[in-house]
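Trainee: final18.tsv is reproduced in full below (TSV, C-alpha atoms).
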chain	number	residue	atom	x	y	z
A	1	MET	CA	27.42	49.43	38.12
A	2	LYS	CA	25.23	49.43	41.24
A	3	VAL	CA	28.27	50.24	43.40
A	4	GLN	CA	29.21	53.21	41.22
A	5	LEU	CA	25.62	54.50	41.30
A	6	PHE	CA	25.56	54.24	45.11
A	7	ALA	CA	28.80	56.25	45.34
A	8	ILE	CA	27.39	58.99	43.10
A	9	VAL	CA	24.19	59.19	45.14
A	10	ALA	CA	26.17	59.37	48.38
A	11	ALA	CA	28.30	62.20	47.03
A	12	LEU	CA	25.24	64.16	45.82
A	13	SER	CA	23.56	63.67	49.19
A	14	CYS	CA	26.45	65.55	50.83
A	15	LEU	CA	26.24	68.36	48.26
A	16	PHE	CA	22.47	68.61	48.71
A	17	PRO	CA	21.95	67.13	52.18
A	18	VAL	CA	18.67	65.68	53.27
A	19	ASP	CA	19.94	63.78	56.25
A	20	GLY	CA	23.00	65.44	57.89
A	21	ASP	CA	23.92	62.23	59.72
A	22	VAL	CA	25.06	60.58	56.47
A	23	CYS	CA	27.62	63.29	55.75
A	24	SER	CA	28.75	63.45	59.37
A	25	ALA	CA	29.38	59.71	59.38
A	26	GLN	CA	31.41	59.96	56.17
A	27	GLU	CA	33.50	62.84	57.53
A	28	ALA	CA	34.11	60.99	60.79
A	29	ALA	CA	35.31	57.95	58.84
A	30	GLN	CA	38.07	59.98	57.17
A	31	PRO	CA	41.41	59.69	59.02
A	32	SER	CA	42.91	62.96	60.20
A	33	LYS	CA	46.04	64.42	58.65
A	34	PHE	CA	47.94	63.39	61.79
A	35	ASP	CA	46.69	59.80	61.62
A	36	GLN	CA	47.63	59.60	57.95
A	37	ALA	CA	51.15	60.89	58.71
A	38	ILE	CA	51.88	58.30	61.43
A	39	LYS	CA	50.16	55.38	59.71
A	40	GLY	CA	52.45	52.35	59.67
A	41	LEU	CA	55.00	53.96	62.03
A	42	THR	CA	56.05	52.65	65.44
A	43	ARG	CA	55.46	54.98	68.38
A	44	GLN	CA	58.20	55.29	71.01
A	45	ASP	CA	57.36	56.77	74.40
A	46	SER	CA	57.69	56.16	78.12
A	47	ASP	CA	54.22	56.37	79.63
A	48	GLY	CA	53.65	59.87	78.28
A	49	LYS	CA	56.60	61.30	80.22
A	50	GLU	CA	59.11	61.21	77.39
A	51	MET	CA	61.08	64.27	76.29
A	52	TRP	CA	59.70	63.84	72.76
A	53	THR	CA	57.13	61.47	71.30
A	54	LEU	CA	58.71	59.66	68.35
A	55	TYR	CA	57.26	57.78	65.37
A	56	HIS	CA	59.51	55.79	63.08
A	57	ASN	CA	60.03	53.02	60.60
A	58	ASP	CA	63.30	51.75	59.15
A	59	GLN	CA	64.10	54.99	57.32
A	60	LYS	CA	61.79	57.65	58.75
A	61	LEU	CA	61.58	59.62	62.00
A	62	LEU	CA	58.70	61.92	62.96
A	63	VAL	CA	58.77	63.94	66.20
A	64	GLU	CA	56.10	65.80	68.18
A	65	LEU	CA	57.21	69.21	69.48
A	66	ASP	CA	54.93	71.19	71.78
A	67	ALA	CA	55.13	74.73	73.17
A	68	ASN	CA	57.34	73.65	76.09
A	69	ASP	CA	59.81	71.97	73.74
A	70	LEU	CA	60.27	75.28	71.93
A	71	LYS	CA	61.39	76.90	75.21
A	72	GLN	CA	64.07	74.28	75.91
A	73	GLU	CA	67.70	74.05	74.92
A	74	TYR	CA	69.17	70.65	74.06
A	75	ILE	CA	72.71	69.29	74.06
A	76	VAL	CA	73.44	66.93	71.17
A	77	LEU	CA	76.25	64.39	71.55
A	78	THR	CA	77.36	62.24	68.63
A	79	SER	CA	79.50	59.12	68.90
A	80	ILE	CA	80.55	56.12	66.83
A	81	ALA	CA	78.82	53.04	68.26
A	82	ARG	CA	80.45	50.72	65.75
A	83	GLY	CA	83.24	51.78	63.43
A	84	ILE	CA	85.69	50.36	60.91
A	85	GLY	CA	88.71	49.88	63.17
A	86	SER	CA	90.88	52.57	61.63
A	87	GLY	CA	91.38	56.34	61.63
A	88	MET	CA	88.92	58.26	63.80
A	89	VAL	CA	85.96	56.05	62.85
A	90	ILE	CA	86.38	53.65	65.76
A	91	GLY	CA	83.60	52.19	67.90
A	92	GLY	CA	83.23	54.01	71.21
A	93	MET	CA	84.76	57.28	69.99
A	94	SER	CA	83.05	60.62	70.52
A	95	TRP	CA	82.52	62.53	67.30
A	96	GLY	CA	82.72	66.22	66.53
A	97	PHE	CA	85.27	67.51	69.02
A	98	GLY	CA	85.12	71.26	69.52
A	99	ASP	CA	82.21	73.42	70.57
A	100	ASP	CA	79.30	71.85	72.40
A	101	VAL	CA	76.33	71.39	70.08
A	102	ILE	CA	73.33	73.15	71.64
A	103	TRP	CA	70.02	73.13	69.79
A	104	LYS	CA	67.01	75.38	70.14
A	105	PHE	CA	63.80	75.35	68.11
A	106	ARG	CA	62.03	78.40	66.68
A	107	LYS	CA	58.58	78.29	65.16
A	108	SER	CA	57.59	80.68	62.37
A	109	GLY	CA	54.53	80.21	60.22
A	110	GLU	CA	54.20	76.59	59.21
A	111	LYS	CA	57.81	75.64	59.87
A	112	ILE	CA	60.00	74.86	62.86
A	113	TYR	CA	63.61	75.93	62.52
A	114	VAL	CA	66.48	74.07	64.21
A	115	LEU	CA	69.07	76.52	65.52
A	116	ARG	CA	72.55	75.73	66.76
A	117	ARG	CA	73.30	78.16	69.56
A	118	ASN	CA	76.48	80.21	69.40
A	119	VAL	CA	78.19	79.40	72.71
A	120	ARG	CA	81.60	80.89	71.89
A	121	PHE	CA	80.90	84.47	72.94
A	122	ARG	CA	79.22	86.10	75.90
A	123	ALA	CA	79.14	89.14	78.18
A	124	ALA	CA	77.56	90.14	81.49
A	125	PRO	CA	73.75	90.37	81.12
A	126	LYS	CA	72.31	93.86	80.46
A	127	SER	CA	75.78	95.32	79.90
A	128	PRO	CA	76.82	97.37	76.85
A	129	GLU	CA	79.08	94.47	75.89
A	130	ALA	CA	76.08	92.10	75.95
A	131	SER	CA	74.30	94.31	73.42
A	132	ALA	CA	77.41	94.32	71.24
A	133	VAL	CA	77.69	90.52	71.42
A	134	GLU	CA	74.03	90.14	70.43
A	135	LEU	CA	74.58	92.38	67.40
A	136	ALA	CA	77.87	90.79	66.35
A	137	TYR	CA	77.30	87.05	66.82
A	138	ALA	CA	74.29	85.00	65.81
A	139	ASP	CA	73.10	81.42	66.04
A	140	SER	CA	73.21	79.16	63.00
A	141	VAL	CA	69.96	77.99	61.38
A	142	LEU	CA	70.56	74.35	60.44
A	143	TYR	CA	67.19	73.09	59.23
A	144	ALA	CA	63.70	74.28	58.34
A	145	LEU	CA	61.18	71.53	59.13
A	146	PRO	CA	57.66	71.90	57.68
A	147	ILE	CA	54.89	71.19	60.18
A	148	ILE	CA	53.12	68.10	58.88
A	149	ALA	CA	50.11	68.09	61.21
A	150	LYS	CA	48.84	68.85	64.69
A	151	SER	CA	48.75	65.97	67.14
A	152	PRO	CA	45.61	65.31	69.24
A	153	LYS	CA	47.32	67.06	72.18
A	154	GLY	CA	48.14	70.14	70.08
A	155	ALA	CA	51.82	69.45	69.39
A	156	ASP	CA	53.44	70.06	66.01
A	157	LEU	CA	54.48	66.96	64.08
A	158	VAL	CA	57.70	67.40	62.08
A	159	ASP	CA	59.89	65.08	60.02
A	160	MET	CA	63.46	64.93	61.40
A	161	THR	CA	64.63	62.20	59.01
A	162	ARG	CA	66.80	64.53	56.94
A	163	ILE	CA	68.71	65.72	60.02
A	164	PHE	CA	70.11	62.28	60.78
A	165	MET	CA	69.77	60.43	57.46
A	166	SER	CA	72.59	62.49	56.02
A	167	ASP	CA	76.32	63.02	56.34
A	168	ASP	CA	76.11	66.37	58.09
A	169	GLN	CA	78.54	64.90	60.62
A	170	ARG	CA	81.16	64.51	57.86
A	171	ILE	CA	81.90	60.88	58.68
A	172	GLY	CA	82.20	59.92	55.01
A	173	PRO	CA	85.33	62.03	54.36
A	174	ALA	CA	86.86	60.57	57.54
A	175	ILE	CA	86.51	57.09	56.01
A	176	GLY	CA	88.08	58.19	52.73
A	177	PRO	CA	88.16	61.18	50.35
A	178	ARG	CA	85.51	59.77	48.00
A	179	PHE	CA	83.00	58.32	50.46
A	180	SER	CA	79.41	59.55	50.58
A	181	PHE	CA	76.32	58.70	52.64
A	182	ALA	CA	74.05	56.05	51.08
A	183	SER	CA	70.53	57.02	52.19
A	184	ASP	CA	68.88	54.10	50.37
A	185	ARG	CA	70.79	51.55	52.51
A	186	SER	CA	70.91	53.38	55.85
A	187	THR	CA	68.33	52.42	58.50
A	188	TRP	CA	67.43	53.12	62.11
A	189	GLU	CA	69.06	50.63	64.44
A	190	LYS	CA	67.64	51.92	67.76
A	191	VAL	CA	65.09	54.62	68.57
A	192	SER	CA	64.37	55.24	72.26
A	193	ALA	CA	62.45	57.95	74.13
A	194	PHE	CA	63.00	58.77	77.81
A	195	PRO	CA	61.81	61.55	80.15
A	196	GLY	CA	64.99	63.64	79.87
A	197	ASN	CA	66.55	62.48	76.64
A	198	THR	CA	66.17	60.80	73.27
A	199	GLN	CA	68.63	58.14	72.06
A	200	LEU	CA	68.98	57.45	68.35
A	201	GLN	CA	71.30	55.00	66.65
A	202	LEU	CA	71.65	54.93	62.90
A	203	ALA	CA	73.01	51.98	60.94
A	204	ALA	CA	74.64	54.27	58.39
A	205	VAL	CA	76.12	53.07	55.12
A	206	TYR	CA	78.82	54.95	53.21
A	207	SER	CA	79.81	54.19	49.65
A	208	GLY	CA	83.12	54.91	47.99
A	209	SER	CA	86.12	53.40	46.33
A	210	GLY	CA	89.72	52.68	47.14
A	211	ASN	CA	91.52	50.18	49.30
A	212	LEU	CA	90.22	49.81	52.87
A	213	GLU	CA	92.00	46.98	54.63
A	214	LYS	CA	89.42	46.69	57.44
A	215	VAL	CA	86.36	46.62	55.13
A	216	PRO	CA	85.46	43.79	52.71
A	217	ASP	CA	83.99	46.11	50.07
A	218	PRO	CA	84.25	49.93	50.04
A	219	ARG	CA	80.94	50.26	48.18
A	220	GLY	CA	79.01	49.55	51.37
A	221	VAL	CA	80.82	50.57	54.56
A	222	GLN	CA	78.68	50.16	57.70
A	223	VAL	CA	79.06	52.57	60.62
A	224	SER	CA	76.68	52.79	63.59
A	225	VAL	CA	76.25	56.46	64.56
A	226	HIS	CA	74.72	57.23	67.96
A	227	TYR	CA	72.96	60.51	68.79
A	228	SER	CA	72.16	61.44	72.38
A	229	ILE	CA	69.83	64.46	72.68
A	230	SER	CA	69.13	65.77	76.19
A	231	THR	CA	67.54	68.80	77.77
A	232	LEU	CA	70.04	71.03	79.51
A	233	PRO	CA	69.62	70.47	83.27
A	234	ALA	CA	69.02	73.20	85.80
A	235	LEU	CA	72.40	73.43	87.48
A	236	GLY	CA	71.33	75.16	90.69
A	237	THR	CA	74.42	75.79	92.81
A	238	TYR	CA	76.90	74.71	90.14
A	239	LYS	CA	79.67	77.24	89.54
A	240	PRO	CA	82.14	76.93	86.65
A	241	ARG	CA	85.74	76.54	87.79
A	242	PRO	CA	88.39	78.60	85.96
A	243	ALA	CA	91.26	76.53	84.61
A	244	ASP	CA	94.79	76.85	85.96
A	245	ASP	CA	97.46	76.90	83.25
A	246	ARG	CA	99.84	75.03	85.55
A	247	ILE	CA	97.63	71.93	85.56
A	248	GLY	CA	96.40	69.84	82.63
A	249	HIS	CA	92.64	69.92	82.13
A	250	PHE	CA	90.11	69.29	79.43
A	251	LEU	CA	88.78	72.77	78.81
A	252	THR	CA	85.80	74.74	77.60
A	253	VAL	CA	87.05	78.00	76.11
A	254	LEU	CA	84.98	81.04	75.22
A	255	LYS	CA	85.28	84.79	74.87
A	256	ASP	CA	83.76	86.88	77.64
A	257	PHE	CA	83.81	90.51	76.58
A	258	SER	CA	83.07	91.60	80.15
A	259	ASP	CA	86.38	90.09	81.31
A	260	LYS	CA	89.06	92.77	81.51
A	261	ASN	CA	91.86	90.48	82.72
A	262	ASP	CA	92.72	89.09	79.29
A	263	PRO	CA	93.11	91.53	76.37
A	264	GLU	CA	91.82	88.78	74.08
A	265	HIS	CA	88.87	88.17	76.47
A	266	PHE	CA	89.48	84.41	76.52
A	267	VAL	CA	88.05	82.56	79.52
A	268	ARG	CA	88.93	78.91	80.15
A	269	PHE	CA	86.86	76.61	82.35
A	270	VAL	CA	87.62	73.10	83.59
A	271	ASN	CA	85.38	70.34	82.28
A	272	ARG	CA	84.23	68.62	85.47
A	273	TRP	CA	81.39	66.75	87.12
A	274	HIS	CA	78.78	68.44	89.26
A	275	LEU	CA	79.45	66.64	92.54
A	276	GLN	CA	77.46	67.58	95.63
A	277	LYS	CA	77.76	66.07	99.10
A	278	ARG	CA	74.81	64.00	100.25
A	279	ASP	CA	75.42	65.44	103.73
A	280	PRO	CA	77.18	68.81	103.51
A	281	GLY	CA	77.57	68.88	107.30
A	282	ILE	CA	80.18	66.14	107.52
A	283	GLU	CA	83.81	66.16	106.46
A	284	LEU	CA	83.69	63.00	104.31
A	285	SER	CA	80.37	62.34	102.57
A	286	PRO	CA	79.25	60.26	99.60
A	287	PRO	CA	77.97	62.35	96.69
A	288	SER	CA	74.29	62.84	95.95
A	289	GLU	CA	74.98	61.34	92.53
A	290	PRO	CA	78.24	59.45	92.03
A	291	ILE	CA	80.31	59.44	88.87
A	292	VAL	CA	79.58	56.15	87.10
A	293	PHE	CA	82.04	54.48	84.73
A	294	TYR	CA	80.85	51.56	82.61
A	295	ILE	CA	83.20	48.77	81.58
A	296	GLU	CA	82.08	47.56	78.17
A	297	LYS	CA	81.45	43.88	77.53
A	298	THR	CA	84.13	44.13	74.83
A	299	VAL	CA	86.82	44.33	77.55
A	300	PRO	CA	88.41	40.88	77.98
A	301	VAL	CA	87.17	39.19	81.14
A	302	PHE	CA	90.65	38.66	82.60
A	303	LEU	CA	91.36	42.41	82.32
A	304	ARG	CA	88.16	43.68	83.92
A	305	PRO	CA	89.31	43.49	87.57
A	306	THR	CA	92.44	45.48	86.68
A	307	VAL	CA	90.46	48.09	84.74
A	308	GLU	CA	87.96	48.43	87.60
A	309	ALA	CA	90.72	48.80	90.20
A	310	GLY	CA	92.40	51.49	88.10
A	311	ILE	CA	89.18	53.49	87.84
A	312	LEU	CA	88.39	53.19	91.56
A	313	GLU	CA	91.91	54.37	92.42
A	314	TRP	CA	90.68	57.89	91.63
A	315	ASN	CA	88.44	57.76	94.72
A	316	LYS	CA	91.53	58.50	96.80
A	317	ALA	CA	91.85	61.89	95.13
A	318	PHE	CA	88.19	62.72	95.73
A	319	GLU	CA	88.49	61.82	99.40
A	320	LYS	CA	90.93	64.71	99.80
A	321	ILE	CA	88.14	67.15	98.81
A	322	GLY	CA	85.51	65.53	101.05
A	323	PHE	CA	83.88	62.84	98.90
A	324	SER	CA	83.77	59.15	99.71
A	325	ASN	CA	83.06	56.66	96.93
A	326	ALA	CA	82.71	59.45	94.41
A	327	ILE	CA	83.29	57.00	91.55
A	328	ARG	CA	81.36	53.80	90.96
A	329	VAL	CA	82.02	51.12	88.34
A	330	GLU	CA	79.36	49.07	86.58
A	331	HIS	CA	79.67	46.39	83.92
A	332	GLU	CA	77.75	46.71	80.70
A	333	GLU	CA	76.13	43.28	80.77
A	334	ASP	CA	74.88	43.96	84.32
A	335	VAL	CA	72.73	46.92	83.22
A	336	GLU	CA	71.28	45.68	79.92
Is it possible to express this structure as structure tokens?
Mentor:
Amino acid sequence: MKVQLFAIVAALSCLFPVDGDVCSAQEAAQPSKFDQAIKGLTRQDSDGKEMWTLYHNDQKLLVELDANDLKQEYIVLTSIARGIGSGMVIGGMSWGFGDDVIWKFRKSGEKIYVLRRNVRFRAAPKSPEASAVELAYADSVLYALPIIAKSPKGADLVDMTRIFMSDDQRIGPAIGPRFSFASDRSTWEKVSAFPGNTQLQLAAVYSGSGNLEKVPDPRGVQVSVHYSISTLPALGTYKPRPADDRIGHFLTVLKDFSDKNDPEHFVRFVNRWHLQKRDPGIELSPPSEPIVFYIEKTVPVFLRPTVEAGILEWNKAFEKIGFSNAIRVEHEEDVE
């Protein structure tokens, strides 16, 4: 009874203050909306230099986005870290072949919208065709994320759980026609923040029925899905190289309405590395940044020398265009 009476008196003292310090102390004791939102979550960062500051538990992911983040564009790469050994759902496979997935954020009111940029069409800047492309083709709005709170440094805190804790990647149908994402059994496996990128790995569970030879029970199929989200780098002197139909390449294809050479306006570029000589003044120079291939620890030990030799054989081709030791090989267990 005495405790209840004290609480009532304390409340009345704030309504009809005699001593302002009492109310100030009570207000200061209340956690902020931001502190309440991140309570019980693990913070992931890299000495304050991370691309995003992340907060997570087993099934939740909150992200801080500041004004600079809203100006950036991000490339999102999805892969299967651990699969089921059949079909396309195989560990180590890239997922979502086709257009590059480029994200951009847009803030409006109390929400931040996640846009997927339309990279299929373009035209020369400030040309009539560029105006036509802008009117005809738009980005896709994928998600609307309510702003939960402001961080102490002024960034917006949003909940990105629903982006990844879902089957937006359509992995379930690739397992079988009746498989769906089980959000109650899916958890974060790895959450890492770095200066130029964020790495997320989801231990996803899919539930369905039918006969799957590689899975003990189709009601709980485990697949590890890896998301790599990186800021698009400033390319500097990089120039895209048009593809030659006489040679086999992996290609990036788009429509450039300023190109008059093709009536369909298709332009095809070679997918290639951005190699630059460390010393441009000499005929044969190592690159500023070599191409690095990693041999997974899943490769049998007796095969690794052969695999490494096969990869390094490509250095002979790069020597003909002025690069020495353009390709380097590392072993997975050596870098963990």
Trainee: Which is closest to A:Val292 among A:Ser151, A:Asn325, A:Thr231, A:Asn57, if we use all atoms listed in the file?
Mentor: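 So, comparing all the options, the nearest one is A:Asn325.
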Trainee: Which value, in Å to one decimal, gives the distance between atom CA of A:Tyr294 and atom CA of A:Pro240?
Mentor: 25.7 Å
Trainee: Work out how far apart atom CA of A:Gly196 and atom CA of A:Glu50 are and give it in Å to one decimal.
Mentor: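 Rounded to one decimal, the two atoms are 6.8 Å apart.
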Trainee: Between atom CA of A:Leu202 and atom CA of A:Glu64, what is the distance in Å, rounded to a tenth?
Mentor: 19.7 Å
Trainee: Select from stretch 205-264 of chain A every residue with an atom at most 12 Å from any atom of stretch 82-88 of chain A, then for each give the shortest pair of atoms and their distance in Å to one decimal, using only C-alpha atoms, rows by chain and rising number, as JSON lines.
Mentor:
{"residue": "A:Val205", "atom": "CA", "partner": "A:Gly83", "partner_atom": "CA", "distance": 11.0}
{"residue": "A:Tyr206", "atom": "CA", "partner": "A:Ile84", "partner_atom": "CA", "distance": 11.3}
{"residue": "A:Leu212", "atom": "CA", "partner": "A:Ser86", "partner_atom": "CA", "distance": 9.2}
{"residue": "A:Glu213", "atom": "CA", "partner": "A:Ser86", "partner_atom": "CA", "distance": 9.0}
{"residue": "A:Lys214", "atom": "CA", "partner": "A:Ile84", "partner_atom": "CA", "distance": 6.3}
{"residue": "A:Val215", "atom": "CA", "partner": "A:Ile84", "partner_atom": "CA", "distance": 6.9}
{"residue": "A:Pro216", "atom": "CA", "partner": "A:Ile84", "partner_atom": "CA", "distance": 10.5}
{"residue": "A:Asp217", "atom": "CA", "partner": "A:Ile84", "partner_atom": "CA", "distance": 11.8}
{"residue": "A:Pro218", "atom": "CA", "partner": "A:Ile84", "partner_atom": "CA", "distance": 11.0}
{"residue": "A:Gly220", "atom": "CA", "partner": "A:Ile84", "partner_atom": "CA", "distance": 11.7}
{"residue": "A:Val221", "atom": "CA", "partner": "A:Ile84", "partner_atom": "CA", "distance": 8.0}
{"residue": "A:Gln222", "atom": "CA", "partner": "A:Gly83", "partner_atom": "CA", "distance": 7.5}
{"residue": "A:Val223", "atom": "CA", "partner": "A:Gly83", "partner_atom": "CA", "distance": 5.1}
{"residue": "A:Ser224", "atom": "CA", "partner": "A:Arg82", "partner_atom": "CA", "distance": 4.8}
{"residue": "A:Val225", "atom": "CA", "partner": "A:Arg82", "partner_atom": "CA", "distance": 7.2}
{"residue": "A:His226", "atom": "CA", "partner": "A:Arg82", "partner_atom": "CA", "distance": 8.9}
Trainee: Identify, on the basis of all atoms listed in the file, every residue whose closest approach to stretch 174-187 of chain A does not exceed 6 Å; exclude the query and any residue fewer than 2 positions from it along the same chain; express the result as a list of chain:residue names.
Mentor: A:Asp58, A:Gln59, A:Asp167, A:Ile171, A:Gly172, A:Ala203, A:Ala204, A:Val205, A:Tyr206, A:Ser207, A:Gly208
Trainee: If we count only C-alpha atoms and set the cut-off at 9 Å, which residues sit around A:Glu129, ignoring sequence neighbours fewer than 5 positions away in its own chain? Please answer as an mmCIF file with C-alpha atoms, keeping the file's coordinate frame.
Mentor:
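Once written, out-v4.cif looks like this:
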data_model
loop_
_atom_site.group_PDB
_atom_site.id
_atom_site.type_symbol
_atom_site.label_atom_id
_atom_site.label_comp_id
_atom_site.auth_asym_id
_atom_site.auth_seq_id
_atom_site.Cartn_x
_atom_site.Cartn_y
_atom_site.Cartn_z
ATOM 1 C CA ARG A 122 79.220 86.100 75.900
ATOM 2 C CA ALA A 123 79.140 89.140 78.180
ATOM 3 C CA ALA A 124 77.560 90.140 81.490
ATOM 4 C CA GLU A 134 74.030 90.140 70.430
ATOM 5 C CA PHE A 257 83.810 90.510 76.580
ATOM 6 C CA SER A 258 83.070 91.600 80.150
#
Trainee: When distances are computed from all atoms listed in the file, which of A:Leu62, A:Leu275, A:Ile163, A:Ile247 shows the smallest separation from A:Leu142?
Mentor: A:Ile163
Trainee: Point out the residue among A:Val114, A:Val133, A:Leu61, A:Val76 with the least atom-to-atom distance to A:Ser228, counting all atoms listed in the file.
Mentor: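 So, comparing all the options, the nearest one is A:Val76.
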Trainee: For stretch 307-317 of chain A, find every residue with an atom within 12 Å (counting all atoms listed in the file), except residues of its own chain fewer than 2 positions away, and show them as a ChimeraX atom specification.
Mentor: /A:284,286-287,290-296,299-305,319-331
Trainee: May I have the residues at most 10 Å from (83.1, 66.2, 80.9) in the file's coordinates, counting only C-alpha atoms, as a compact mmCIF listing (two decimals) with C-alpha atoms, in the coordinates of the input?
Mentor:
# COMPACT_ATOMS: atom_id res chain seq x y z
CA PHE A 250 90.11 69.29 79.43
CA LEU A 251 88.78 72.77 78.81
CA THR A 252 85.80 74.74 77.60
CA VAL A 270 87.62 73.10 83.59
CA ASN A 271 85.38 70.34 82.28
CA ARG A 272 84.23 68.62 85.47
CA TRP A 273 81.39 66.75 87.12
CA HIS A 274 78.78 68.44 89.26
Trainee: A:Ile80: which residues within 6 Å, counting only C-alpha atoms, same-chain residues fewer than 4 positions away excluded, as a list of chain:residue names?
Mentor: A:Gly91, A:Gly92, A:Met93, A:Val225
Trainee: So which residues touch stretch 101-106 of chain A within 10 Å, counting all atoms listed in the file, skipping near sequence neighbours fewer than 4 positions away, as a PyMOL selection string?
Mentor: chain A and resi 65+69-78+96-97+111-119+139-144+229-232
Trainee: Pick out the closest residue to A:Trp52 from this set: A:Ile90, A:Val158, A:Ile38, A:Ala132. Count only C-alpha atoms.
Mentor: A:Val158
Trainee: Of the candidates A:Gly236, A:Pro146, A:Gly248, A:Pro125, which one gets nearest to A:Gly109 if we count all atoms listed in the file?
Mentor: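 Closest to A:Gly109 of all the choices is A:Pro146.
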